[in-house]
Each structure stands twice: as C-alpha cells, then as structure tokens.
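The structure appears right after this line, and notes come after that.
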Amino acid sequence: MSDWAAAGWWGRIGLTAMIGAVYFAAAKFGLSLAFETKQVTAVWPPTGIALAALLLFGWRIWPGVLAGALVANATTSEAALTALGIAVGNTATALIGWYLLRRVVDFDERLRRPRDAGVLVAVAAVTPLVSATNGVVTLAGHGVVSWASFWDVWRTWWVGDALGILLVCPVVLTWARGMRVRTPPAKLVELIVLGTSCLGVSLVALSGVLFGPGSQYQLQYAVFPFIIWTALRWGPRETATLVLAVSAVAAWGVTHHRGPFAGGSVDESLVLLDLFMATAGLTGLALGAATAERRHVQTRLEDSERRRQSLVAAILHAEEEARQRVAVELHDDTIQALIAALVDLDSCAVALEGHSGGRVRDRIGRVRGTLTDAVNRLRRLTFELRPPVLEAQGVGVAVDQMLDALAEDLHIEIERRIHVRRYAPEIEILAFRTTRELLANVRKHAFATRLEIELVELDRVIHGTVSDNGRGFDVPAAFDRTKARYNLGLDATIERLRVLGGTLDFDSGEAGTTAVFTVPVHRATDTRPHLPPQPARPAAESDLAKPLAAAALHARPGDERAGRVPD
C-alpha cells in the first residue's frame, strides 16, 4: 500500500498542502537567483522536489505541485494567466517524469543499480524540455520576454530544471527510501571527517575565499576525490547529499561574484556552474549506484551462502540420523539376535557334554566362532556409523580411537599428529567421515606397514593428511573409473567436501599414497563440554564369555530372546 492510499482524507489534504508549501519555498529560493529574467533561473530545485514527491506519494499529489507553482509564479509580478500557464508546464513535467519512471521502466528509488542512475539522468534531460518550452512560450506570448531571446531563456530554463532533478531528487528519494542501517562509530567518524574536509575544500576552491574571480588557480576539481571516495565507501544517499552541499557552496560563490565560475553575467556564471554540478552529480550518481549494486549483490551472495550452509547442515544432520537409526537397529536387534544364537549354541554344547558328539561339538565351536566374528564386525560397523565419542568429545578423540582400532587390526605402525578443537556438528561429522573413508581405503587397498596422519587447524581451516607406504595407484585413471562407475564412498566424500567449500587431493606413486583434504571452519564453537577420553570398548571374543555364560545359565528352551544381553 502506498503512502497516499494509507492516509485518510485529512491526511491526504495535509500531505498535499505540505508538498505545495515545500514547492513554494523552494521556488522562491530559486527565483531569488534569477537576475536577467525574473521568471527564469539556472537554479531550480522545485523540479526535483516535485518529481520526488510524485514518486514517493503517488501521482494524486499533483494538486500540491500545481498550487505551489501557481502561487510562486503569481507572486513574482506576473499575470494570473501567465502564472497558471507556467504552473501547468511545471506540473506536467513532474507527471511525465513520474510516468516514465513508474510505468515505463522498473525504477528503484533507492538508486541501487547503475541503470536506475542512468534512467534518472535521462528523465532529467528529457522532461525539462516540456517545462522549458511551455514556460518560454508562455512568457513570450504574454510579452514578458522577447521572441529574439527565446533560445537564451529556454537554455537557462532547461538547465535549471534538469539540475533540479539531477541534484535534488536523488537526495530526497535516497533519504526517504534508503535502508536504515546502523553505522559503526568508526565509520561514522570517517564520514563526518570526510564531509567536513570536502566542505572545507569547497569553500576554498568554489566560493573564492582565498582566490578572487578571474584567478589562474582552477581548484574546482579538488572536490572530486571526496565525491568519489564517498561514493565508493558509502553509496547513493551520502554521495547525493555531499554533491548537493558542494553545489550550494559553489552557487553561493557565484551569487556573490566569487569563485572560479564568477565571470560575465550572473546567469552565465550560473549556467557554467550548472555544467560543473552536472558533472559532479553524474559522477556521484554512477559511482554510488555501482557501489550500492555491488553491496546488494554481496549481501545476496552472503545470504545464499548462509542458506546453502544451512541446507548442507540439514542434509548432513539427516544423514547422521539415518546412520544412527541403522546403528541402533544393528545394536538392539541384529547383534542381540546373534548373541542369542551364541547363547543357544552354548546351551547345546552344555547339553552334549558326556555324550559321543565330538564332531557335533567341533561344528558348534566353528559356528560359534563365525557368529562371534560377525558380532565383532557389526560392533565395529555400528561404531563407524555413529561413534558416540564423536558427539561427546569431538573429532580429535574419535579419529584417535579409530586409529587405535586400525593399528590393532592391521598391526600397522601409525604416527599421528592431531590438534583440533570442537566445531559445529556438520564440520566435525565431515572431518570424521572424510578421515574414515581415507583410512578405509588404506585398509582395503594399500597393504601398508606404516601410516602417518595429521589433523590440524590453520587459519580457520581443518587440514587433514593421510600418508601410507603401501601400494600406490594411478590417480587420474582411478578418478576416471570413479566417474564411469559411481563410488559411493569416495564420490560422496568429495561431494560433501565440495558443498562446504572443502577440497580433497591425492598424490600417489610407487612409494605410497598421500591424501590431503581441507574443511573450512564456517561456524566454530567451543561451547560443548569437553569430556575426558573414554577407553574404547574392546570387541574381542573373550569379552563375550562372561555375559554369554551368565545368559546361558538362565536360558530356557524355546525362548529365542532369553539370551539377549546388554552390549
């Protein structure tokens, strides 16, 4: 809902009256700078105010513009009909500008794109053709100015209206529609120092404080570094305000016959000043809009990156939940069923004691060994699916315990260097899964006798290195085979690293293989408790003896779940 639609009848009347009063005051200021022709001035802020009012409050505010223009011209020794003709042209200029910006092009009042600045400049150049032509024809038709001076008066009128849109309209729009952001104190101090310095330089260079008219020192361009710096550091709002302030200082110098533009008649000096102000305004608008667009794109990229990270975290969390469910099912169902089978086998062995069943007992022993090995393998799998130590103590302790199990299984020499802390869950999970996948490849394919692993954090990035002295492989060929035949382990690991900004590289030869991976620490945290390392629960067959024997003593024939014991 627009501001006009949101206001009631009294609010609309008051808003219209306020626009008319502001237009009238600005018009009186502009007419005070008219010298050769009392009705025409090269400084005409009301045009920018009128266009900004229509853009902010809607086209229905036009009676306020018409009333302000009519009263301002009627009080300048003009006939009522002449004042009405000029007021109609000024109002038509604002309405045409509103139509072009609102209905023809997609104009952003915050001037956050270079195209918005370009469109506003085009409107500032085109729409004053209406007011200038209508105004000069009206004045000449009523004998206020001669037809011989038509083009001189028309040029001054057009320049004044164009500069009014170019300098005043951006200030009003950006302050009215600009985002209210909290400025850090240091940056606010910088802005104050920059603005004060620019005004000081403007007083020296444009108002002729040190150098009188006709001076050979042309210092007017000394203000451009300040305008450019403001545009690059802040944006359209601050830049437009600074350009307007600099223009006001320069206009004051011209009206007092001082500064670099003081020469000839005052109207000619104002036209020269307008050209300078147009250059400054165009520079500020273009750079400010480019800066605003860059910041807007950067903000969108940061938002997109945050959403992507949240999505990745959700995916990893769902993946871990699935792993946990599988681990729980294996632990609470499959492993317990196997343990129950072991208990039943032990019961059978006890029942055969004293009977001539040596061959049967041997078979029972082999079956028992197979089941025990299966239980151990499943326990190892449940640990790898969801190691409790990962959540309780972090990736460093989890990797350390995984290395202990690997050294015991493969009888391999392992040199380790692990210096990491606690991180966000998705970071710890990714680092652990990547390390586990690389160690699984060493277990299956390397046939190594020595392993070196490093897991450290440097500059908010976890760096992991896994090196072995086993059998190497052709890295490019291996990745080609991976693309042709999807490798669930390696491809999934690479994809998880990629979406979080990580990398994985291999260097392999006859002397062994080195895998290096990185995981950026996007959201590090040390808020979770650090628990002391807990010894890993051994899964050897001897550990099953006591619970199995105790369960066997209480087993009842036909009870399939009587032998289930806590794991």
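Letters for chains follow the order of the structure tokens (A, B, ...), residue numbers begin at 1 for each chain, and ligand numbers begin at 1 in the order shown.
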Residues of region 162-200 of chain A at most 12 Å from region 217-235 of chain A: nearest atom pair and distance in Å, only C-alpha atoms, as a Markdown table:
| residue | atom | partner | partner_atom | distance |
| --- | --- | --- | --- | --- |
| A:Pro170 | CA | A:Gly235 | CA | 11.5 |
| A:Val171 | CA | A:Gly235 | CA | 11.6 |
| A:Thr174 | CA | A:Gly235 | CA | 9.6 |
| A:Trp175 | CA | A:Gly235 | CA | 11.5 |
| A:Gly178 | CA | A:Gly235 | CA | 10.1 |
| A:Met179 | CA | A:Gly235 | CA | 11.2 |
| A:Val181 | CA | A:Trp234 | CA | 11.5 |
| A:Thr183 | CA | A:Trp234 | CA | 10.3 |
| A:Lys187 | CA | A:Arg233 | CA | 9.3 |
| A:Leu188 | CA | A:Trp234 | CA | 10.4 |
| A:Glu190 | CA | A:Arg233 | CA | 9.9 |
| A:Leu191 | CA | A:Thr230 | CA | 7.9 |
| A:Ile192 | CA | A:Thr230 | CA | 10.9 |
| A:Val193 | CA | A:Phe226 | CA | 10.7 |
| A:Leu194 | CA | A:Phe226 | CA | 7.0 |
| A:Gly195 | CA | A:Phe226 | CA | 8.0 |
| A:Thr196 | CA | A:Phe226 | CA | 10.2 |
| A:Ser197 | CA | A:Phe226 | CA | 8.2 |
| A:Cys198 | CA | A:Phe226 | CA | 6.0 |
| A:Leu199 | CA | A:Val223 | CA | 8.5 |
| A:Gly200 | CA | A:Val223 | CA | 9.6 |
Generate a file of the selected residues that holds C-alpha atoms, formatted as a compact mmCIF listing (two decimals), in the first residue's frame.
# COMPACT_ATOMS: atom_id res chain seq x y z
CA PRO A 170 18.29 11.72 -5.55
CA VAL A 171 18.75 13.32 -2.12
CA THR A 174 17.51 8.07 -1.05
CA TRP A 175 16.82 9.60 2.35
CA GLY A 178 17.10 4.28 1.88
CA MET A 179 17.58 1.44 4.31
CA VAL A 181 21.31 0.64 8.85
CA THR A 183 26.61 2.69 11.15
CA LYS A 187 32.76 4.62 10.02
CA LEU A 188 30.50 7.44 11.21
CA GLU A 190 35.13 8.78 8.96
CA LEU A 191 32.01 10.11 7.23
CA ILE A 192 31.97 13.25 9.39
CA VAL A 193 35.67 13.90 8.76
CA LEU A 194 35.22 13.33 5.03
CA GLY A 195 32.18 15.62 4.81
CA THR A 196 33.86 18.35 6.83
CA SER A 197 37.02 18.14 4.72
CA CYS A 198 35.02 18.26 1.49
CA LEU A 199 33.09 21.34 2.61
CA GLY A 200 36.34 22.98 3.65
Inset, instruction - Determine, counting only C-alpha atoms, which protein, DNA and RNA residues have an atom within 8 Å of an atom of Ser207 (chain A); residues of the same chain fewer than 4 positions away are not included. Present the result as a ChimeraX atom specification. - result: /A:202-203,249-250,252-254,258-260
Put those residues in a file: N, CA and C atoms, as a compact mmCIF listing (two decimals), in the first residue's frame.
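After the write, out.txt holds the following:
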# COMPACT_ATOMS: atom_id res chain seq x y z
N SER A 202 35.63 22.83 -0.56
CA SER A 202 34.67 23.54 -1.41
C SER A 202 34.70 25.03 -1.13
N LEU A 203 34.79 25.40 0.14
CA LEU A 203 34.87 26.83 0.47
C LEU A 203 36.09 27.48 -0.15
N VAL A 249 27.50 25.45 -1.97
CA VAL A 249 28.65 26.32 -1.71
C VAL A 249 29.07 27.04 -2.99
N ALA A 250 29.11 26.29 -4.11
CA ALA A 250 29.50 26.91 -5.38
C ALA A 250 28.48 27.95 -5.83
N TRP A 252 26.59 29.75 -3.89
CA TRP A 252 26.78 30.93 -3.04
C TRP A 252 27.94 31.79 -3.56
N GLY A 253 29.02 31.13 -3.98
CA GLY A 253 30.15 31.87 -4.51
C GLY A 253 29.80 32.63 -5.78
N VAL A 254 29.01 32.02 -6.66
CA VAL A 254 28.64 32.68 -7.92
C VAL A 254 27.76 33.88 -7.64
N ARG A 258 32.15 35.47 -6.66
CA ARG A 258 33.39 34.90 -6.19
C ARG A 258 33.52 33.48 -6.75
N GLY A 259 34.73 32.94 -6.71
CA GLY A 259 34.97 31.58 -7.14
C GLY A 259 35.34 31.48 -8.60
N PRO A 260 35.65 30.26 -9.05
CA PRO A 260 36.14 30.06 -10.42
C PRO A 260 35.08 30.28 -11.50
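Every protein, DNA or RNA residue with an atom at most 10 Å from Leu458 (chain A), where only C-alpha atoms count and chain neighbours fewer than 5 positions away do not, is listed here: His419, Val420, His463, Pro520 and Val521 of chain A.
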Legend entry - Nearby residues (only C-alpha atoms) at most 10 Å from Gly501 (chain A), same-chain spacing under 3 positions excluded, as a ChimeraX atom specification: /A:309,495-498,518-522
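Counting only C-alpha atoms and comparing A:Ala25, A:Leu70, A:Ile418, A:Arg112, the residue that lies closest to Arg295 (chain A) is A:Arg112.
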